[in-house]
Amino acid sequence: MKIATYNVNGVNGRLPVLLRWLAEAAPDIVCLQELKAPDERFPIEAIRAAGYDAIWHGQKSWNGVAILSRVGSIQETRRGLPGDPDDSHSRYIEAAVNGLLIGGLYLPNGNPRPGPKFDYKLRWFDRLIDHAAGLMASGLPVMLAGDFNVMPTERDVYKPERWTDDALFAPEVRAAYVRLLDQGWTDALRRLHPDEKIYTFWDYFRNAFARDAGLRIDHLLLSPALSERLVRAEVDSHVRGWEKTSDHAPVWIELAEPRRRRPVRQVEETKNGRTAPRTEAGTGTAPARPRRARGRRAEQQP
DNA sequence: ATGGCCATCCGTGATGGA
């Protein structure tokens, strides 16, 4: 199963690029950010014609998030983060899709720093961390995906020294990202590419894409049950080079099918010794993992 | 250090983005 996140920077202005990328990449599930359109102007007909169902939370001019799927129904579980009834920004949408729980998010930019926008970013981040704690505690296979507007480390910025005071790289914001990950989330791109230069955004100024002056700010975070299914994680950076493109590139992961709990006898008959030790079919030989990583079945027991 | 670009809206510039 292929799952992507893409900050489209205007879903209507970007529709040809979005449809071209959907046809080429054929993701199963997509989180979109920065729709920049009210609910009634979401291009649902074109997206259905491309083979996708969708839910969306729009807003005039700014923000806006959506979840697309071509693999079964989308059961919306939440729109908007809890913790601030006065928050009018459309920045979070959550749904159960194809056996996963997916939170699609667009974290505030926060510039200039300091200032009220930066304060809003930190408060929003705190609300995300609170909500994510509940998702993690559920033991469900959960993914948080979207534009986090945070470069986690110096490796994720083309020129870190120029960004130290920016709201995307400020110490408080990076610390909040660490607090989130410390709940047990896995940064999918970094786990599979620990030392590579990976960017997901290149600004429109100064020929940034051609110079590869980029930032890594779009992330896919996996709960333990999903992290162990992660097989690929990539950035479709060539899309950033298309005409009339977004300043972000699509980012995606590939998840293996959930491992089945087969009888031990069947495992031993069908596999040689190389894979048999990895089974969790009651052999007690599965590799040590954090307690949270136990299967759903175990979590449901009192 | 500055400004560069792009999308949106009852627009002819302002604002937000990162």
# chains A, B, ... in the order shown; residues from 1 in each chain; ligands from 1
$ interface_residues --of "chain A" --to "chain B" --cutoff "6 Å" --atoms "only C-alpha atoms (C1' of nucleotides)" --output "list of chain:residue names"
A:Ser61, A:Tyr204, A:Phe205, A:Arg206
$ select_by_dssp --residues "region 82-160 of chain A" --states "strand (DSSP E)" --output "compact mmCIF listing (two decimals) with C-alpha atoms, in the first residue's frame"
# COMPACT_ATOMS: atom_id res chain seq x y z
CA TYR A 92 -6.38 18.74 10.59
CA ILE A 93 -8.49 15.92 9.24
CA GLU A 94 -8.48 12.31 10.36
CA ALA A 95 -10.01 9.14 8.98
CA ALA A 96 -9.93 5.36 9.08
CA VAL A 97 -8.99 4.03 5.64
CA LEU A 100 -5.25 2.45 9.06
CA LEU A 101 -6.02 5.56 11.04
CA ILE A 102 -4.62 8.58 9.21
CA GLY A 103 -4.23 12.10 10.54
CA GLY A 104 -3.58 14.61 7.78
CA LEU A 105 -2.20 17.89 9.06
CA TYR A 106 -0.93 21.29 8.05
CA VAL A 142 -1.77 5.13 12.94
CA MET A 143 -0.01 7.53 10.61
CA LEU A 144 0.38 11.29 10.98
CA ALA A 145 1.21 12.83 7.61
CA GLY A 146 1.46 16.31 6.25
CA ASP A 147 3.30 19.59 6.17
$ select_by_dssp --residues "region 78-129 of chain A" --states "helix (DSSP H, G or I)" --output "PyMOL selection string"
chain A and resi 116-129
$ residues_around --residues "Glu257 (chain A)" --least-positions-apart "2" --cutoff "10 Å" --atoms "only C-alpha atoms (C1' of nucleotides)" --output "PDB file with N, CA, C and O atoms, in the first residue's frame"
ATOM      1  N   MET A   1       0.849  -1.191   0.000  1.00  0.00           N
ATOM      2  CA  MET A   1       0.000   0.000   0.000  1.00  0.00           C
ATOM      3  C   MET A   1       0.887   1.244   0.000  1.00  0.00           C
ATOM      4  O   MET A   1       1.815   1.363   0.788  1.00  0.00           O
ATOM      5  N   LEU A 226       2.785   0.232  12.281  1.00  0.00           N
ATOM      6  CA  LEU A 226       3.019   0.556  10.876  1.00  0.00           C
ATOM      7  C   LEU A 226       4.506   0.618  10.555  1.00  0.00           C
ATOM      8  O   LEU A 226       4.923   0.285   9.451  1.00  0.00           O
ATOM      9  N   ARG A 229       6.014  -2.316   9.131  1.00  0.00           N
ATOM     10  CA  ARG A 229       5.576  -2.671   7.775  1.00  0.00           C
ATOM     11  C   ARG A 229       6.216  -1.772   6.713  1.00  0.00           C
ATOM     12  O   ARG A 229       5.954  -1.930   5.517  1.00  0.00           O
ATOM     13  N   LEU A 230       7.045  -0.825   7.132  1.00  0.00           N
ATOM     14  CA  LEU A 230       7.616   0.149   6.185  1.00  0.00           C
ATOM     15  C   LEU A 230       8.654  -0.508   5.280  1.00  0.00           C
ATOM     16  O   LEU A 230       9.619  -1.097   5.764  1.00  0.00           O
ATOM     17  N   GLU A 254       5.768   3.168   1.163  1.00  0.00           N
ATOM     18  CA  GLU A 254       5.149   1.896   0.795  1.00  0.00           C
ATOM     19  C   GLU A 254       5.111   1.026   2.046  1.00  0.00           C
ATOM     20  O   GLU A 254       6.142   0.838   2.702  1.00  0.00           O
ATOM     21  N   LEU A 255       3.920   0.515   2.367  1.00  0.00           N
ATOM     22  CA  LEU A 255       3.760  -0.380   3.513  1.00  0.00           C
ATOM     23  C   LEU A 255       3.492  -1.792   3.027  1.00  0.00           C
ATOM     24  O   LEU A 255       2.690  -1.991   2.108  1.00  0.00           O
ATOM     25  N   ARG A 259       1.360  -8.517   8.609  1.00  0.00           N
ATOM     26  CA  ARG A 259       1.774  -9.918   8.737  1.00  0.00           C
ATOM     27  C   ARG A 259       0.652 -10.724   9.374  1.00  0.00           C
ATOM     28  O   ARG A 259       0.062 -10.316  10.373  1.00  0.00           O
ATOM     29  N   ARG A 260       0.369 -11.836   8.774  1.00  0.00           N
ATOM     30  CA  ARG A 260      -0.715 -12.668   9.307  1.00  0.00           C
ATOM     31  C   ARG A 260      -0.194 -13.540  10.434  1.00  0.00           C
ATOM     32  O   ARG A 260       0.958 -13.943  10.455  1.00  0.00           O
TER      33      ARG A 260
END
$ closest_atom_pairs --of "region 54-145 of chain A" --to "region 176-199 of chain A" --cutoff "9 Å" --atoms "only C-alpha atoms" --output "Markdown table"
| residue | atom | partner | partner_atom | distance |
| --- | --- | --- | --- | --- |
| A:Leu122 | CA | A:Ala176 | CA | 8.0 |
| A:Phe125 | CA | A:Ala176 | CA | 6.9 |
| A:Asp126 | CA | A:Ala176 | CA | 7.5 |
| A:Leu128 | CA | A:Leu180 | CA | 8.3 |
| A:Ile129 | CA | A:Leu180 | CA | 5.6 |
| A:Asp130 | CA | A:Leu180 | CA | 8.9 |
| A:Ala132 | CA | A:Leu180 | CA | 7.6 |
| A:Ala133 | CA | A:Gln183 | CA | 6.7 |
| A:Met136 | CA | A:Gln183 | CA | 7.2 |
| A:Met143 | CA | A:Trp185 | CA | 8.6 |
| A:Leu144 | CA | A:Trp185 | CA | 8.8 |
